[in-house]
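Chemist: Sharing data-v2.cif (mmCIF, C-alpha atoms) below.
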data_work
loop_
_atom_site.group_PDB
_atom_site.id
_atom_site.type_symbol
_atom_site.label_atom_id
_atom_site.label_comp_id
_atom_site.auth_asym_id
_atom_site.auth_seq_id
_atom_site.Cartn_x
_atom_site.Cartn_y
_atom_site.Cartn_z
ATOM 1 C CA MET L 11 -7.962 -30.382 -36.618
ATOM 2 C CA PRO L 12 -8.010 -26.733 -37.765
ATOM 3 C CA ASN L 13 -10.748 -25.994 -35.213
ATOM 4 C CA ARG L 14 -8.489 -27.108 -32.347
ATOM 5 C CA LEU L 15 -5.551 -25.106 -33.605
ATOM 6 C CA LEU L 16 -7.455 -21.842 -33.882
ATOM 7 C CA PRO L 17 -8.022 -21.307 -30.120
ATOM 8 C CA ARG L 18 -4.363 -22.030 -29.426
ATOM 9 C CA MET L 19 -3.216 -19.608 -32.107
ATOM 10 C CA LEU L 20 -5.598 -16.999 -30.774
ATOM 11 C CA MET L 21 -4.231 -17.435 -27.241
ATOM 12 C CA LEU L 22 -0.679 -17.170 -28.554
ATOM 13 C CA PHE L 23 -1.577 -13.996 -30.450
ATOM 14 C CA VAL L 24 -3.220 -12.422 -27.383
ATOM 15 C CA GLY L 25 -0.207 -13.382 -25.283
ATOM 16 C CA CYS L 26 2.128 -11.703 -27.755
ATOM 17 C CA LEU L 27 -0.003 -8.548 -27.736
ATOM 18 C CA ALA L 28 -0.036 -8.486 -23.940
ATOM 19 C CA SER L 29 3.743 -8.662 -23.875
ATOM 20 C CA LEU L 30 3.854 -5.538 -26.044
ATOM 21 C CA VAL L 31 1.912 -3.479 -23.512
ATOM 22 C CA VAL L 32 4.371 -0.990 -22.095
ATOM 23 C CA VAL L 33 4.044 0.173 -18.533
ATOM 24 C CA ALA L 34 4.695 3.894 -18.298
ATOM 25 C CA ALA L 35 7.918 4.660 -16.486
ATOM 26 C CA PRO L 36 7.633 7.040 -13.545
ATOM 27 C CA THR L 37 8.230 10.674 -14.375
ATOM 28 C CA ALA L 38 11.285 12.517 -13.080
ATOM 29 C CA ASP L 39 9.050 14.317 -10.571
ATOM 30 C CA GLU L 40 7.636 10.996 -9.351
ATOM 31 C CA ARG L 41 11.115 9.500 -9.012
ATOM 32 C CA PHE L 42 12.343 12.539 -7.086
ATOM 33 C CA LYS L 43 9.301 12.481 -4.797
ATOM 34 C CA ALA L 44 9.766 8.768 -4.062
ATOM 35 C CA LEU L 45 13.460 9.331 -3.341
ATOM 36 C CA HIS L 46 13.085 12.240 -0.933
ATOM 37 C CA GLU L 47 10.066 10.731 0.816
ATOM 38 C CA ALA L 48 11.921 7.449 1.414
ATOM 39 C CA GLU L 49 14.989 9.315 2.664
ATOM 40 C CA TRP L 50 12.831 11.474 4.955
ATOM 41 C CA GLN L 51 11.271 8.370 6.488
ATOM 42 C CA TRP L 52 14.768 6.904 6.949
ATOM 43 C CA ARG L 53 15.860 10.171 8.577
ATOM 44 C CA LEU L 54 12.926 10.077 11.009
ATOM 45 C CA ASP L 55 13.873 6.510 11.942
ATOM 46 C CA GLU L 56 17.575 7.394 12.202
ATOM 47 C CA PHE L 57 17.010 10.511 14.328
ATOM 48 C CA PRO L 58 14.191 9.630 16.746
ATOM 49 C CA LEU L 59 14.754 12.759 18.845
ATOM 50 C CA MET L 60 14.121 14.916 15.783
ATOM 51 C CA ALA L 61 11.080 12.817 14.897
ATOM 52 C CA ALA L 62 9.695 13.204 18.409
ATOM 53 C CA GLY L 63 10.388 16.935 18.271
ATOM 54 C CA ILE L 64 8.186 17.367 15.205
ATOM 55 C CA GLY L 65 5.454 15.302 16.798
ATOM 56 C CA ASP L 66 5.921 12.074 14.852
ATOM 57 C CA PRO L 67 3.815 9.500 16.730
ATOM 58 C CA GLU L 68 6.021 6.724 15.360
ATOM 59 C CA ALA L 69 9.229 8.199 16.830
ATOM 60 C CA GLY L 70 11.508 5.626 18.386
ATOM 61 C CA ARG L 71 11.903 5.109 22.076
ATOM 62 C CA THR L 72 15.576 6.085 22.164
ATOM 63 C CA LEU L 73 17.439 9.319 21.473
ATOM 64 C CA GLY L 74 19.303 7.712 18.591
ATOM 65 C CA ALA L 75 22.859 6.661 17.900
ATOM 66 C CA VAL L 76 25.589 9.294 17.683
ATOM 67 C CA ASP L 77 28.763 7.199 17.724
ATOM 68 C CA SER L 78 31.333 7.193 14.930
ATOM 69 C CA ALA L 79 29.930 3.983 13.445
ATOM 70 C CA ALA L 80 26.473 5.570 13.163
ATOM 71 C CA GLN L 81 28.029 8.620 11.517
ATOM 72 C CA GLN L 82 29.762 6.461 8.902
ATOM 73 C CA ARG L 83 26.571 4.467 8.275
ATOM 74 C CA ARG L 84 24.692 7.726 7.680
ATOM 75 C CA LEU L 85 27.396 8.978 5.348
ATOM 76 C CA ARG L 86 27.131 5.820 3.210
ATOM 77 C CA HIS L 87 23.349 6.194 3.114
ATOM 78 C CA TRP L 88 23.459 9.850 2.048
ATOM 79 C CA GLN L 89 26.082 9.071 -0.599
ATOM 80 C CA LYS L 90 23.772 6.397 -1.994
ATOM 81 C CA VAL L 91 20.822 8.804 -1.996
ATOM 82 C CA LEU L 92 22.921 11.462 -3.733
ATOM 83 C CA ARG L 93 23.892 8.939 -6.433
ATOM 84 C CA GLN L 94 20.185 8.177 -6.920
ATOM 85 C CA LEU L 95 19.438 11.895 -7.143
ATOM 86 C CA ASP L 96 22.201 12.234 -9.744
ATOM 87 C CA ARG L 97 20.389 9.662 -11.912
ATOM 88 C CA ILE L 98 17.305 11.902 -12.121
ATOM 89 C CA ASP L 99 17.602 14.258 -15.073
ATOM 90 C CA ALA L 100 17.024 17.722 -13.564
ATOM 91 C CA ALA L 101 16.004 19.045 -16.986
ATOM 92 C CA LYS L 102 13.005 16.690 -16.910
ATOM 93 C CA LEU L 103 11.815 17.919 -13.501
ATOM 94 C CA SER L 104 9.044 20.472 -13.248
ATOM 95 C CA PRO L 105 10.268 23.962 -12.297
ATOM 96 C CA ALA L 106 9.108 23.544 -8.685
ATOM 97 C CA ALA L 107 10.653 20.058 -8.354
ATOM 98 C CA ARG L 108 13.891 21.363 -9.906
ATOM 99 C CA VAL L 109 14.154 23.949 -7.115
ATOM 100 C CA ASP L 110 13.267 21.333 -4.495
ATOM 101 C CA ALA L 111 15.896 18.955 -5.896
ATOM 102 C CA ALA L 112 18.561 21.680 -5.789
ATOM 103 C CA VAL L 113 17.718 22.479 -2.160
ATOM 104 C CA TYR L 114 17.633 18.768 -1.320
ATOM 105 C CA ARG L 115 21.035 18.251 -2.952
ATOM 106 C CA GLY L 116 22.420 21.038 -0.757
ATOM 107 C CA GLN L 117 20.978 19.377 2.337
ATOM 108 C CA LEU L 118 22.530 16.028 1.462
ATOM 109 C CA GLU L 119 25.906 17.614 0.740
ATOM 110 C CA GLU L 120 25.803 19.512 4.041
ATOM 111 C CA LEU L 121 24.874 16.375 5.984
ATOM 112 C CA MET L 122 27.717 14.454 4.331
ATOM 113 C CA LEU L 123 30.159 17.294 5.004
ATOM 114 C CA GLY L 124 29.272 17.142 8.691
ATOM 115 C CA VAL L 125 30.512 13.552 8.726
ATOM 116 C CA THR L 126 33.499 13.835 6.383
ATOM 117 C CA SER L 127 34.768 16.902 8.269
ATOM 118 C CA ARG L 128 34.213 15.020 11.549
ATOM 119 C CA ALA L 129 32.096 17.859 12.927
ATOM 120 C CA TYR L 130 30.335 15.251 15.081
ATOM 121 C CA LEU L 131 33.522 15.180 17.196
ATOM 122 C CA LEU L 132 32.593 18.712 18.316
ATOM 123 C CA PRO L 133 29.166 18.181 19.861
ATOM 124 C CA ILE L 134 29.769 21.348 21.910
ATOM 125 C CA ASN L 135 31.154 24.554 20.459
ATOM 126 C CA SER L 136 30.986 28.281 21.068
ATOM 127 C CA ASP L 137 27.388 28.711 19.920
ATOM 128 C CA SER L 138 25.638 25.365 20.107
ATOM 129 C CA SER L 139 25.617 22.009 21.812
ATOM 130 C CA PHE L 140 24.277 18.522 21.285
ATOM 131 C CA PHE L 141 21.795 19.054 24.107
ATOM 132 C CA GLY L 142 20.600 22.460 22.927
ATOM 133 C CA ASP L 143 17.437 21.175 21.254
ATOM 134 C CA LEU L 144 16.827 18.459 23.803
ATOM 135 C CA ALA L 145 14.333 20.385 25.934
ATOM 136 C CA PHE L 146 12.411 21.564 22.859
ATOM 137 C CA SER L 147 12.286 18.109 21.284
ATOM 138 C CA LEU L 148 11.187 16.406 24.472
ATOM 139 C CA SER L 149 8.651 19.096 25.358
ATOM 140 C CA ALA L 150 7.081 18.963 21.866
ATOM 141 C CA GLN L 151 5.858 15.454 22.525
ATOM 142 C CA ARG L 152 2.187 14.993 23.259
ATOM 143 C CA PHE L 153 0.683 12.362 25.486
ATOM 144 C CA ALA L 154 -2.465 11.211 23.733
ATOM 145 C CA THR L 155 -2.067 7.605 24.868
ATOM 146 C CA PRO L 156 -0.339 5.715 27.651
ATOM 147 C CA GLY L 157 2.068 4.489 24.945
ATOM 148 C CA ASP L 158 3.112 8.094 24.261
ATOM 149 C CA ALA L 159 3.984 8.560 27.934
ATOM 150 C CA GLU L 160 5.876 5.253 28.001
ATOM 151 C CA ALA L 161 7.895 6.270 24.918
ATOM 152 C CA TYR L 162 8.749 9.578 26.603
ATOM 153 C CA LEU L 163 9.906 7.771 29.743
ATOM 154 C CA ASP L 164 12.017 5.436 27.591
ATOM 155 C CA ARG L 165 13.690 8.449 25.958
ATOM 156 C CA LEU L 166 14.382 9.968 29.367
ATOM 157 C CA ALA L 167 15.892 6.666 30.497
ATOM 158 C CA ASP L 168 18.153 6.796 27.412
ATOM 159 C CA LEU L 169 19.647 10.155 28.435
ATOM 160 C CA PRO L 170 22.640 8.733 30.379
ATOM 161 C CA ARG L 171 23.700 6.583 27.391
ATOM 162 C CA TRP L 172 23.190 9.485 24.969
ATOM 163 C CA PHE L 173 25.271 11.880 27.097
ATOM 164 C CA ALA L 174 27.984 9.210 27.521
ATOM 165 C CA ASP L 175 28.119 8.698 23.741
ATOM 166 C CA HIS L 176 28.583 12.439 23.217
ATOM 167 C CA GLU L 177 31.274 12.479 25.883
ATOM 168 C CA THR L 178 33.037 9.680 24.000
ATOM 169 C CA LEU L 179 32.929 11.785 20.825
ATOM 170 C CA LEU L 180 34.347 14.773 22.703
ATOM 171 C CA ARG L 181 37.169 12.632 24.091
ATOM 172 C CA GLU L 182 37.880 11.195 20.634
ATOM 173 C CA GLY L 183 38.084 14.747 19.310
ATOM 174 C CA LEU L 184 40.472 15.780 22.094
ATOM 175 C CA LYS L 185 42.634 12.729 21.514
ATOM 176 C CA THR L 186 42.933 13.460 17.799
ATOM 177 C CA GLY L 187 43.396 17.207 18.294
ATOM 178 C CA PHE L 188 39.998 18.000 16.844
ATOM 179 C CA THR L 189 38.623 20.528 19.317
ATOM 180 C CA VAL L 190 37.272 24.031 19.426
ATOM 181 C CA GLN L 191 39.878 26.777 19.371
ATOM 182 C CA GLN L 192 41.617 27.415 22.673
ATOM 183 C CA VAL L 193 40.209 30.962 22.912
ATOM 184 C CA VAL L 194 36.701 29.462 23.020
ATOM 185 C CA LEU L 195 37.695 27.226 25.903
ATOM 186 C CA GLU L 196 39.073 30.115 27.996
#
Could you write out this structure as structure tokens?

Modeler:
Amino acid sequence: MPNRLLPRMLMLFVGCLASLVVVAAPTADERFKALHEAEWQWRLDEFPLMAAGIGDPEAGRTLGAVDSAAQQRRLRHWQKVLRQLDRIDAAKLSPAARVDAAVYRGQLEELMLGVTSRAYLLPINSDSSFFGDLAFSLSAQRFATPGDAEAYLDRLADLPRWFADHETLLREGLKTGFTVQQVVLE
């Protein structure tokens, strides 16, 4: 009987030891890197025109959503990312990652401010416009495959919808009194 019990006790002992093995938690730098890399990928997906402009071969086939609902969805996402960033102890980051995190925080806050201030209702102002980077972004695309050319044609076909969506934002701004100053319009 004792001979049968010994293997079972040994297995139980090994099982207990295995449960004590602690998996190392990711470092603050690793957590920050995972956070900003995931958000960057989300941003490339959310802003396909920007992704195409930097030569991302995975850029979507549209110019992206710009309506008020998309703006609010982005705001919620950036707020969530900022909360995740807040949970990373900056004191535990390496000096370089601490600087990167501070710059990244500023970017997130600026992006959120653009939505909370409703700046998207002014897609045209005295020094810039929603279509200002359009030629650059579209011309930066390369045609290595027939699929690249098809994606480009799909983006061009999306232009009427994209312009109409910006016009809707402009009209919403006018209706709510959120416009550029009259002197700019003269």

Chemist: Need the shell around range 131-135 of chain L: protein/DNA/RNA residues with any atom at most 8 Å away, counting all atoms listed in the file. Skip same-chain ones fewer than 2 positions apart. Format as a PyMOL selection string?

Modeler: chain L and resi 128-129+137-140+176+179-180+182-183+188-190+194

Chemist: Quick one: write out the picked residues with C-alpha atoms as a short mmCIF file (atom, residue, chain, number, x, y, z; two decimals), in the frame of the given file?

Modeler:
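Contents of result39.cif, freshly written:
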data_model
loop_
_atom_site.label_atom_id
_atom_site.label_comp_id
_atom_site.auth_asym_id
_atom_site.auth_seq_id
_atom_site.Cartn_x
_atom_site.Cartn_y
_atom_site.Cartn_z
CA ARG L 128 34.21 15.02 11.55
CA ALA L 129 32.10 17.86 12.93
CA ASP L 137 27.39 28.71 19.92
CA SER L 138 25.64 25.36 20.11
CA SER L 139 25.62 22.01 21.81
CA PHE L 140 24.28 18.52 21.28
CA HIS L 176 28.58 12.44 23.22
CA LEU L 179 32.93 11.78 20.82
CA LEU L 180 34.35 14.77 22.70
CA GLU L 182 37.88 11.20 20.63
CA GLY L 183 38.08 14.75 19.31
CA PHE L 188 40.00 18.00 16.84
CA THR L 189 38.62 20.53 19.32
CA VAL L 190 37.27 24.03 19.43
CA VAL L 194 36.70 29.46 23.02
#

Chemist: Just say which residues the PyMOL selection byres ((chain L and resi 118-123) around 9) picks in this file, as number ranges by chain.

Modeler: L: 84-86, 88-89, 91-92, 113-117, 124-129

Chemist: Those same residues, written as a JSON list (two decimals), in the frame of the given file with C-alpha atoms?

Modeler:
[["chain", "number", "residue", "atom", "x", "y", "z"],
["L", 84, "ARG", "CA", 24.69, 7.73, 7.68],
["L", 85, "LEU", "CA", 27.40, 8.98, 5.35],
["L", 86, "ARG", "CA", 27.13, 5.82, 3.21],
["L", 88, "TRP", "CA", 23.46, 9.85, 2.05],
["L", 89, "GLN", "CA", 26.08, 9.07, -0.60],
["L", 91, "VAL", "CA", 20.82, 8.80, -2.00],
["L", 92, "LEU", "CA", 22.92, 11.46, -3.73],
["L", 113, "VAL", "CA", 17.72, 22.48, -2.16],
["L", 114, "TYR", "CA", 17.63, 18.77, -1.32],
["L", 115, "ARG", "CA", 21.04, 18.25, -2.95],
["L", 116, "GLY", "CA", 22.42, 21.04, -0.76],
["L", 117, "GLN", "CA", 20.98, 19.38, 2.34],
["L", 124, "GLY", "CA", 29.27, 17.14, 8.69],
["L", 125, "VAL", "CA", 30.51, 13.55, 8.73],
["L", 126, "THR", "CA", 33.50, 13.84, 6.38],
["L", 127, "SER", "CA", 34.77, 16.90, 8.27],
["L", 128, "ARG", "CA", 34.21, 15.02, 11.55],
["L", 129, "ALA", "CA", 32.10, 17.86, 12.93]]

Chemist: Run through the PyMOL selection byres ((chain L and resi 56) around 10) on the given coordinates and return the selected residues as an MDAnalysis selection string.

Modeler: chainID L and resid 50:55 57:61 69:70 73:76 80 84

Chemist: Just give me the gap between CA of Gly63 in chain L and CA of Glu160 in chain L in Å, one decimal is fine.

Modeler: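 Computed distance, CA of Gly63 in chain L to CA of Glu160 in chain L, equals 15.9 Å.
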
Chemist: Suppose you want the space between CA of Leu148 in chain L and CA of Ala62 in chain L; what is it in Å?

Modeler: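 Separation between CA of Leu148 in chain L and CA of Ala62 in chain L: 7.0 Å.
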
Chemist: Which one is closest to Ala111 in chain L: L:Phe153, L:Tyr130, L:Phe42, L:Phe146? Count all atoms listed in the file.

Modeler: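 Distance minimum relative to Ala111 in chain L lands on L:Phe42.
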
Chemist: Applying the PyMOL selection byres ((chain L and resi 104) around 12) to the file I just gave you, which residues come out? Please list them as a list in words.

Modeler: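 Applied to this file, the PyMOL selection byres ((chain L and resi 104) around 12) returns Thr37, Ala38, Asp39, Glu40, Arg41, Phe42, Lys43, Ile98, Asp99, Ala100, Ala101, Lys102, Leu103, Pro105, Ala106, Ala107, Arg108, Val109, Asp110 and Ala111 of chain L.
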
Chemist: Which of these residues is nearest to Gln151 in chain L, using all atoms listed in the file: L:Glu47, L:Asp175, L:Glu68, L:Asp77?

Modeler: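 Closest residue, counting all atoms listed in the file: L:Glu68.
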
Chemist: When distances are computed from only C-alpha atoms, which of L:Ala112, L:Lys185, L:Leu95, L:Leu144 shows the smallest separation from Phe173 in chain L?

Modeler: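 Closest to Phe173 in chain L of all the choices is L:Leu144.
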
Chemist: How far is it from CA of Arg71 in chain L to CA of Ala174 in chain L, in Å with one decimal?

Modeler: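 Answer for the CA of Arg71 in chain L to CA of Ala174 in chain L separation: 17.5 Å.
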
Chemist: Measuring between all atoms listed in the file, which one of L:Pro170, L:Arg83, L:Arg181, L:Ile64 shows the shortest distance to Asp143 in chain L?

Modeler: L:Ile64
